[in-house]
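Data first, discussion second: the structure below is written as structure tokens.
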Amino acid sequence: MIGTVEKLMHIVVAVKPDADQPWVADAAADLAKQTDATVSVVSVDEVELERLAAAPRSVFTQAAERAAAAVADRLSGAGVAVTKTVLPGRPVQAILDFADRENADLIMVGSSSRPAVAVRLLGSVPLDLIKRSRRPVTVVTHPQHAR
């Protein structure tokens with residue numbers, strides 16, 4: 001059509017700061033290539049109140065930076081247009097707010113690595129994102145757990 005602008009898909013990949021999840025980056029890269037999407041990687045330091053944290057916020061922020069950079073580098077290496085952002089605070093709300101600001105079409109996140117008992121007691125970021133998000137959420141499981 002003449003005069004129409006095709007909207008590219010935009011994916012937000014939420015990265016857990018203390019986990020190495022290259023399969024999430026690979027899944028995002030595959031989808032981005034198939035849909036010509038852009039990707040924003042976000043990691044949240046998970047510190048609600050620094051005075052109650054076990055270490056200074058900078059320790060948690062550095063972990064989030066490393067995790068976001070690892071995923072962003074993997075995506076970039078796969079030829080995907082990517083940005084990365086690290087945010088303070090509680091992960092679920094920060095990810096949802098970020099996805100709103102980015103006008104994301106999809107949120108992609110790795111599956112929870114917590115044991116079932118811990119999920120019952122502490123919750124699960126992927127599950128909470130599914131429950132609270134107004135946009136689709138794709139949860140990527142570890143390849144060994146997908147069997």
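Within each chain, counting starts at residue 1; across the structure tokens, chains are named A, B, ... in the order shown, with ligands numbered 1 upward in that order.
Around Ala78 in chain A, within 12 Å and counting only C-alpha atoms, the residues found are Ala25, Asp26, Ala27, Ala28, Ala29, Asp30, Leu31, Ala32, Lys33, Val39, Val71, Ala72, Asp73, Arg74 and Val82 of chain A, once anything fewer than 4 positions away on its own chain is removed.
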For the residues in that selection, give me C-alpha atoms as an mmCIF file, in the first residue's frame.
data_model
loop_
_atom_site.group_PDB
_atom_site.id
_atom_site.type_symbol
_atom_site.label_atom_id
_atom_site.label_comp_id
_atom_site.auth_asym_id
_atom_site.auth_seq_id
_atom_site.Cartn_x
_atom_site.Cartn_y
_atom_site.Cartn_z
ATOM 1 C CA ALA A 25 18.092 -14.790 24.387
ATOM 2 C CA ASP A 26 18.128 -17.457 21.674
ATOM 3 C CA ALA A 27 14.316 -17.725 21.689
ATOM 4 C CA ALA A 28 14.018 -13.916 21.516
ATOM 5 C CA ALA A 29 16.539 -13.814 18.659
ATOM 6 C CA ASP A 30 14.611 -16.460 16.718
ATOM 7 C CA LEU A 31 11.311 -14.620 17.158
ATOM 8 C CA ALA A 32 12.848 -11.233 16.383
ATOM 9 C CA LYS A 33 14.350 -12.544 13.153
ATOM 10 C CA VAL A 39 14.152 -6.003 21.303
ATOM 11 C CA VAL A 71 21.507 -11.230 26.818
ATOM 12 C CA ALA A 72 21.865 -8.002 24.818
ATOM 13 C CA ASP A 73 25.283 -9.112 23.519
ATOM 14 C CA ARG A 74 23.887 -12.505 22.498
ATOM 15 C CA VAL A 82 18.606 -4.414 20.813
#
### Query
Rounded to one decimal in Å, what is the spacing between CA of Ser58 in chain A and CA of Ala99 in chain A?
23.8 Å
### Task
Name the residues of range 8-146 of chain A that come out as helix (DSSP H, G or I) in a backbone DSSP run; write them as a ChimeraX atom specification.
/A:22-35,50-52,57-77,91-102,116-122,125-132,143-145
Filtering to C-alpha atoms, could you give me those residues as a compact mmCIF listing (two decimals), in the first residue's frame?
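Just written: out-v5.txt:
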# COMPACT_ATOMS: atom_id res chain seq x y z
CA PRO A 22 21.07 -17.93 27.13
CA TRP A 23 18.12 -19.99 25.85
CA VAL A 24 15.85 -17.00 26.54
CA ALA A 25 18.09 -14.79 24.39
CA ASP A 26 18.13 -17.46 21.67
CA ALA A 27 14.32 -17.72 21.69
CA ALA A 28 14.02 -13.92 21.52
CA ALA A 29 16.54 -13.81 18.66
CA ASP A 30 14.61 -16.46 16.72
CA LEU A 31 11.31 -14.62 17.16
CA ALA A 32 12.85 -11.23 16.38
CA LYS A 33 14.35 -12.54 13.15
CA GLN A 34 11.06 -14.17 12.11
CA THR A 35 9.04 -11.00 12.76
CA GLU A 50 18.18 -0.47 50.13
CA ARG A 51 18.28 -0.20 53.90
CA LEU A 52 16.66 -3.65 54.15
CA ARG A 57 22.12 -1.64 45.96
CA SER A 58 25.19 -1.33 43.73
CA VAL A 59 25.91 -5.06 44.19
CA PHE A 60 22.43 -5.97 42.92
CA THR A 61 22.58 -3.35 40.16
CA GLN A 62 25.89 -4.75 38.92
CA ALA A 63 24.39 -8.26 38.77
CA ALA A 64 21.43 -6.89 36.79
CA GLU A 65 23.83 -5.03 34.46
CA ARG A 66 25.85 -8.20 33.80
CA ALA A 67 22.72 -10.25 33.09
CA ALA A 68 21.22 -7.62 30.77
CA ALA A 69 24.54 -7.16 28.94
CA ALA A 70 24.95 -10.92 28.42
CA VAL A 71 21.51 -11.23 26.82
CA ALA A 72 21.86 -8.00 24.82
CA ASP A 73 25.28 -9.11 23.52
CA ARG A 74 23.89 -12.50 22.50
CA LEU A 75 20.98 -10.84 20.67
CA SER A 76 23.26 -8.32 18.99
CA GLY A 77 25.60 -11.13 17.94
CA PRO A 91 10.65 -6.86 39.24
CA VAL A 92 7.02 -7.46 38.24
CA GLN A 93 5.83 -3.86 38.43
CA ALA A 94 9.06 -2.49 36.99
CA ILE A 95 8.86 -4.86 34.00
CA LEU A 96 5.19 -4.06 33.38
CA ASP A 97 5.85 -0.30 33.57
CA PHE A 98 8.85 -0.65 31.26
CA ALA A 99 6.81 -2.66 28.73
CA ASP A 100 4.17 0.10 28.81
CA ARG A 101 6.78 2.82 28.21
CA GLU A 102 8.33 0.79 25.39
CA ALA A 116 7.87 -25.51 43.83
CA VAL A 117 7.85 -24.83 47.59
CA ALA A 118 9.70 -21.54 47.13
CA VAL A 119 7.30 -20.50 44.35
CA ARG A 120 4.37 -21.11 46.71
CA LEU A 121 5.99 -19.05 49.47
CA LEU A 122 7.75 -16.32 47.49
CA VAL A 125 7.93 -13.41 38.45
CA PRO A 126 6.89 -15.20 35.22
CA LEU A 127 3.58 -16.32 36.73
CA ASP A 128 2.88 -12.87 38.20
CA LEU A 129 3.65 -11.27 34.82
CA ILE A 130 1.15 -13.59 33.14
CA LYS A 131 -1.49 -12.75 35.74
CA ARG A 132 -0.99 -8.97 35.67
CA PRO A 143 15.68 -26.82 27.04
CA GLN A 144 16.37 -29.65 29.51
CA HIS A 145 13.07 -29.02 31.31
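Counting from CA of Pro136 in chain A, the distance to CA of Lys16 in chain A is 18.6 Å.
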